[in-house]
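S.K.: The structure that follows is given in the form of structure tokens.
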Amino acid sequence: MSAYKSDFLNILAERGFIHQVSEPEALDARAKDGTLTAYIGYDCTAASLHIGHLLPTMMLYWLQQTGHRPIALMGGGTTRVGDPSGKDESRKVLTEEVINENLASIRKTFSKFLKFESDGGNAIMANNADWLNTLNYIDFLRDVGRHFSVNRMLSFDSVKLRLERQHELSFLEFNYMILQAYDFVELNKRYDCALQMGGSDQWGNIVNGIDLGRRLNNAHLFALTAPLITTASGAKMGKTAAGAVWLNADLLAPYGYWQFWRNTEDGDVTRFLKLFTTMPLSEIARLDALQGNEINEAKKILATEATALMHGRAAADEAAETARKTFEEGAHAENLPTIEIARADLEQGVGVLVAFAEKTGLVSSNGDARRQIKAGGLKVNDATVTDDKMTLTSKELTREGVIKLSLGKKKHVLLKPV
RNA sequence: GGGAGAGUGUCCCGAGCGGCAAAGGGGGCGGACUGUAAAUCCGCUGGCUAAGCCUUCGUAGGUUCGAGUCCUACCUCUCCCA
């Protein structure tokens with residue numbers, strides 16, 4: 001089906017990772033004949049990557065699986081500048097200590113997908129602070145800056161948007177694209193990296209790097225971008241006001257991660273199976289044929305496979321089992337998030353409002369708890385709470401010795417006396 | 001430096017004759033229908049010890065019985081002129 005000759009591009013194409021490629025034939029030939037080194041840049045504004053980073057990371061995964069060499073470039077330097085793409089406001093500038101902490105935390109996530117040298121693989125983790133922090137401004141302007149036309153830079157979407165909306169774009173941020181281009185050239189020099197991948201919004205920045213490489217070193221570089229993933233109903237993926245879907249287990253437990261995938265819209269299941277799991281396409285095609293209610297089976301597989309990739313098979317199976325007990329049997333699955341409560345408090349009785357708002361944080365305040373009770377959204381041991389003066393005591397303990405508190409149908413917490 | 005505008009419910013956008021816990025969206029949360037989906041419909045979307053009280057409209061003062069609204073100073077941003 002796909003016209004590519006290399007495994008790498010074939011897999012990416014079949015699985016729906018490719019939005020745009022520069023010089024597809026030439027890149028294909030390179031990937032077929034030798035080892036290709038490619039990179040993706042990540043910023044380190046948060047302590048964990050989130051769902052939005054997963055797609056590019058999967059591209060690195062397949063790159064390595066098909067015998068090539070991936071580089072995860074951490075923007076230790078550029079994070080101090082801030083990419084204006086897709087933002088109409090300036091990013092906060094982070095201190096170096098915070099950036100380094102974030103970087104260390106993110107490193108763990110990558111090791112789930114990529115084999116670094118310490119694990120006997122060839123993946124590289126680079127940090128652009130290594131070369132950006134020591135740049136000399138005048139030298140940089142003379143050697144690199146001369147190759148950038150401000151006229152052209154002004155025509156880039158990321159810049160144009162800011163100007164049109166009359167939002168400020170600082171000179172600092174204006175330089176981001178130059179630094180990113182420079183990164184590409186530097187990685188090419190250091191590691192013979194010839195391809196930069198990224199989201200579709202990165203196309204302009206990547207192409208800049210290609211141009212710069214040619215002008216400075218006569219290097220032949222390539223760009224490959226992935227489509228912007230939106231859900232079937234058009235929303236940006238993993239961007240809810242409730243918070244980002246984090247990849248670090250300490251920010252989002254495997255069970256929550258599993259739930260995220262479980263709740264995928266029907267129309268997205270097949271696409272997500274291709275992008276976010278490593279299941280063979282033939283198997284995915286079989287699941288694609290499922291209709292109506294049966295799609296839920298596919299969703300469970302999607303959830304388990306995606307979670308296994310991220311948190312390991314055991315955690316994924318455990319999450320699946322917890323979900324099965326909770327939703328299909330209505331039982332008090334042991335592995336639901338558990339909050340400890342002092343036994344003495346329970347003996348005296350704990351008000352429902354306090355239990356929900358303060359102990360578990362399922363709702364944000366007592367007032368919110370009252371509202372939810374009025375709307376019929378709170379349950380204790382699966383019985384709807386009707387009285388906001390209700391008190392929880394040790395009588396509410398189930399046979400398992402816990403009290404199950406629920407908000408809506410999906411969010412459950414166990415209270416456990418200690 | 002001179003001139004003209006703007007900053008509103010701590011998610012976002014946005015209305016607001018001196019009586020305002022403040023219109024309307026979006027988003028979010030809950031309920032109904034389903035399949036832990038989508039679409040649709042309904043309710044909620046400052047806090048509290050809750051028929052009451054407290055805190056909110058860039059910041060600090062002032063005028064007034066009463067200020068998001070009027071006055072003064074300051075901060076931040078945008079535009080025009082130099």
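Simple scheme: letters A, B, ... for chains in structure tokens order, numbers from 1 for residues in each chain, numbers from 1 for ligands in the order shown.
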Could you please write out, as a count of residues only, every residue of region 224-370 of chain A that DSSP assigns to alpha helix (DSSP H)?
M.R.: 67
S.K.: Within 6 Å of chain A, which residues belong to chain B? Use only C-alpha atoms (C1' of nucleotides) and report them as a list of chain:residue names.
M.R.: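 Selected residues: B:G30, B:G35, B:A37.
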S.K.: For the atom pair CA of Leu336 (chain A) and CA of Gly312 (chain A), what is the interatomic distance in Å to one decimal place?
M.R.: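 We find that CA of Leu336 (chain A) and CA of Gly312 (chain A) lie 18.0 Å from each other.
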S.K.: Please list as a list in words every residue within 10 Å of G14 (chain B), counting only C-alpha atoms (C1' of nucleotides) and excluding residues in the same chain fewer than 3 positions away.
M.R.: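 Final neighbour list, sorted by chain and number: U8, A23, G24 and G25 of chain B.
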S.K.: From a DSSP calculation on the backbone, collect every residue of region 123-307 of chain A in strand (DSSP E) and output the set as a PyMOL selection string.
M.R.: chain A and resi 124-127+195-199+222-226+239-240+243-244
S.K.: Store the residues of this selection in a file with C-alpha atoms, as a PDB file, in the first residue's frame.
M.R.:
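Saved as again_4.pdb:
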ATOM      1  CA  ILE A 124      20.787   9.416  22.759  1.00  0.00           C
ATOM      2  CA  MET A 125      19.487  11.983  25.098  1.00  0.00           C
ATOM      3  CA  ALA A 126      20.892  15.388  24.327  1.00  0.00           C
ATOM      4  CA  ASN A 127      20.434  18.743  25.960  1.00  0.00           C
ATOM      5  CA  LEU A 195      16.094  14.157  10.234  1.00  0.00           C
ATOM      6  CA  GLN A 196      13.998  16.208  12.579  1.00  0.00           C
ATOM      7  CA  MET A 197      10.503  15.105  13.432  1.00  0.00           C
ATOM      8  CA  GLY A 198       7.774  16.893  15.286  1.00  0.00           C
ATOM      9  CA  GLY A 199       4.179  17.966  15.280  1.00  0.00           C
ATOM     10  CA  PHE A 222      15.061  16.233   6.243  1.00  0.00           C
ATOM     11  CA  ALA A 223      11.798  17.081   7.927  1.00  0.00           C
ATOM     12  CA  LEU A 224       8.939  14.822   8.930  1.00  0.00           C
ATOM     13  CA  THR A 225       5.883  15.983  10.816  1.00  0.00           C
ATOM     14  CA  ALA A 226       3.006  14.142  12.421  1.00  0.00           C
ATOM     15  CA  LYS A 239      -6.109  19.054  26.961  1.00  0.00           C
ATOM     16  CA  THR A 240      -8.866  19.257  29.495  1.00  0.00           C
ATOM     17  CA  GLY A 243      -5.583  18.961  33.872  1.00  0.00           C
ATOM     18  CA  ALA A 244      -3.209  17.444  31.423  1.00  0.00           C
TER      19      ALA A 244
END
S.K.: Could you jot down the CA of Cys44 (chain A) to CA of Asn175 (chain A) separation for me, Å, one decimal place?
M.R.: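 Computing the Euclidean distance for CA of Cys44 (chain A) and CA of Asn175 (chain A) yields 17.9 Å.
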S.K.: Between A:Glu340, A:Glu97, A:His311, A:Phe356, which is the closest to Asp250 (chain A) once you count only C-alpha atoms?
M.R.: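 Looking at the shortest contact to Asp250 (chain A), the residue is A:His311.
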S.K.: Choose the residue, out of B:C75, B:A21, B:G31, B:C11, that has the smallest atom-to-atom separation from G47 (chain B); count only C-alpha atoms (C1' of nucleotides).
M.R.: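 Among the listed residues, B:A21 lies closest to G47 (chain B).
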S.K.: Give me, as an mmCIF file with all heavy atoms, in the first residue's frame, all polymer residues having an atom no more than 9 Å from Leu212 (chain A), counting only C-alpha atoms (C1' of nucleotides) and skipping those fewer than 6 positions away in the same chain.
M.R.:
data_model
loop_
_atom_site.group_PDB
_atom_site.id
_atom_site.type_symbol
_atom_site.label_atom_id
_atom_site.label_comp_id
_atom_site.auth_asym_id
_atom_site.auth_seq_id
_atom_site.Cartn_x
_atom_site.Cartn_y
_atom_site.Cartn_z
ATOM 1 N N VAL A 144 25.398 32.764 12.127
ATOM 2 C CA VAL A 144 24.082 32.153 11.947
ATOM 3 C C VAL A 144 23.030 33.189 11.580
ATOM 4 O O VAL A 144 22.250 33.011 10.648
ATOM 5 C CB VAL A 144 23.655 31.404 13.238
ATOM 6 C CG1 VAL A 144 22.253 30.842 13.090
ATOM 7 C CG2 VAL A 144 24.653 30.296 13.542
ATOM 8 N N HIS A 147 22.004 34.329 8.065
ATOM 9 C CA HIS A 147 21.248 33.468 7.148
ATOM 10 C C HIS A 147 19.745 33.572 7.327
ATOM 11 O O HIS A 147 19.000 32.889 6.642
ATOM 12 C CB HIS A 147 21.668 32.010 7.327
ATOM 13 C CG HIS A 147 23.108 31.782 6.975
ATOM 14 N ND1 HIS A 147 23.594 31.955 5.700
ATOM 15 C CD2 HIS A 147 24.164 31.416 7.740
ATOM 16 C CE1 HIS A 147 24.899 31.697 5.693
ATOM 17 N NE2 HIS A 147 25.272 31.367 6.926
ATOM 18 N N PHE A 148 19.324 34.358 8.282
ATOM 19 C CA PHE A 148 17.874 34.468 8.509
ATOM 20 C C PHE A 148 17.360 35.804 8.007
ATOM 21 O O PHE A 148 17.931 36.854 8.315
ATOM 22 C CB PHE A 148 17.563 34.313 9.998
ATOM 23 C CG PHE A 148 17.640 32.891 10.450
ATOM 24 C CD1 PHE A 148 18.851 32.338 10.823
ATOM 25 C CD2 PHE A 148 16.511 32.100 10.456
ATOM 26 C CE1 PHE A 148 18.940 31.011 11.211
ATOM 27 C CE2 PHE A 148 16.585 30.781 10.851
ATOM 28 C CZ PHE A 148 17.804 30.231 11.222
ATOM 29 N N ALA A 181 16.621 26.013 14.766
ATOM 30 C CA ALA A 181 17.329 25.692 13.526
ATOM 31 C C ALA A 181 18.778 25.345 13.838
ATOM 32 O O ALA A 181 19.345 24.401 13.304
ATOM 33 C CB ALA A 181 17.255 26.878 12.563
ATOM 34 N N TYR A 182 19.335 26.090 14.746
ATOM 35 C CA TYR A 182 20.724 25.874 15.120
ATOM 36 C C TYR A 182 20.900 24.509 15.792
ATOM 37 O O TYR A 182 21.887 23.820 15.560
ATOM 38 C CB TYR A 182 21.173 27.002 16.044
ATOM 39 C CG TYR A 182 22.625 26.937 16.406
ATOM 40 C CD1 TYR A 182 23.601 27.237 15.461
ATOM 41 C CD2 TYR A 182 23.033 26.575 17.688
ATOM 42 C CE1 TYR A 182 24.940 27.174 15.779
ATOM 43 C CE2 TYR A 182 24.370 26.514 18.023
ATOM 44 C CZ TYR A 182 25.323 26.811 17.066
ATOM 45 O OH TYR A 182 26.645 26.742 17.382
ATOM 46 N N PHE A 184 19.322 21.817 15.172
ATOM 47 C CA PHE A 184 19.330 20.794 14.132
ATOM 48 C C PHE A 184 20.734 20.689 13.523
ATOM 49 O O PHE A 184 21.316 19.603 13.398
ATOM 50 C CB PHE A 184 18.296 21.167 13.053
ATOM 51 C CG PHE A 184 17.903 20.031 12.136
ATOM 52 C CD1 PHE A 184 16.886 20.213 11.189
ATOM 53 C CD2 PHE A 184 18.517 18.793 12.207
ATOM 54 C CE1 PHE A 184 16.498 19.175 10.349
ATOM 55 C CE2 PHE A 184 18.124 17.755 11.367
ATOM 56 C CZ PHE A 184 17.127 17.960 10.437
ATOM 57 N N VAL A 185 21.287 21.841 13.201
ATOM 58 C CA VAL A 185 22.609 21.863 12.585
ATOM 59 C C VAL A 185 23.657 21.288 13.538
ATOM 60 O O VAL A 185 24.528 20.520 13.147
ATOM 61 C CB VAL A 185 22.979 23.308 12.182
ATOM 62 C CG1 VAL A 185 24.417 23.382 11.696
ATOM 63 C CG2 VAL A 185 22.014 23.801 11.105
ATOM 64 N N ASN A 218 26.511 22.780 4.017
ATOM 65 C CA ASN A 218 26.108 22.019 2.854
ATOM 66 C C ASN A 218 25.562 20.642 3.242
ATOM 67 O O ASN A 218 25.794 19.646 2.570
ATOM 68 C CB ASN A 218 27.287 21.866 1.891
ATOM 69 C CG ASN A 218 26.792 21.606 0.485
ATOM 70 O OD1 ASN A 218 25.639 21.906 0.166
ATOM 71 N ND2 ASN A 218 27.640 21.020 -0.342
ATOM 72 N N ALA A 219 24.858 20.596 4.362
ATOM 73 C CA ALA A 219 24.298 19.331 4.843
ATOM 74 C C ALA A 219 22.940 19.084 4.189
ATOM 75 O O ALA A 219 22.232 20.027 3.835
ATOM 76 C CB ALA A 219 24.133 19.390 6.359
#
S.K.: Find the spatial neighbours of Ala308 (chain A), counting only C-alpha atoms (C1' of nucleotides), within a cut-off of 12 Å - ignore same-chain residues fewer than 5 positions away - and output them as a VMD selection string.
M.R.: chain A and resid 112 to 113 254 to 255 257 to 258 261 276 to 279 300 to 303 313 to 320
S.K.: Skip Thr37 (chain A) itself and residues of its chain fewer than 3 positions away, then list as an NGL selection string all residues within 7 Å of it, counting only C-alpha atoms (C1' of nucleotides).
M.R.: :A and (68-70 or 192-195)
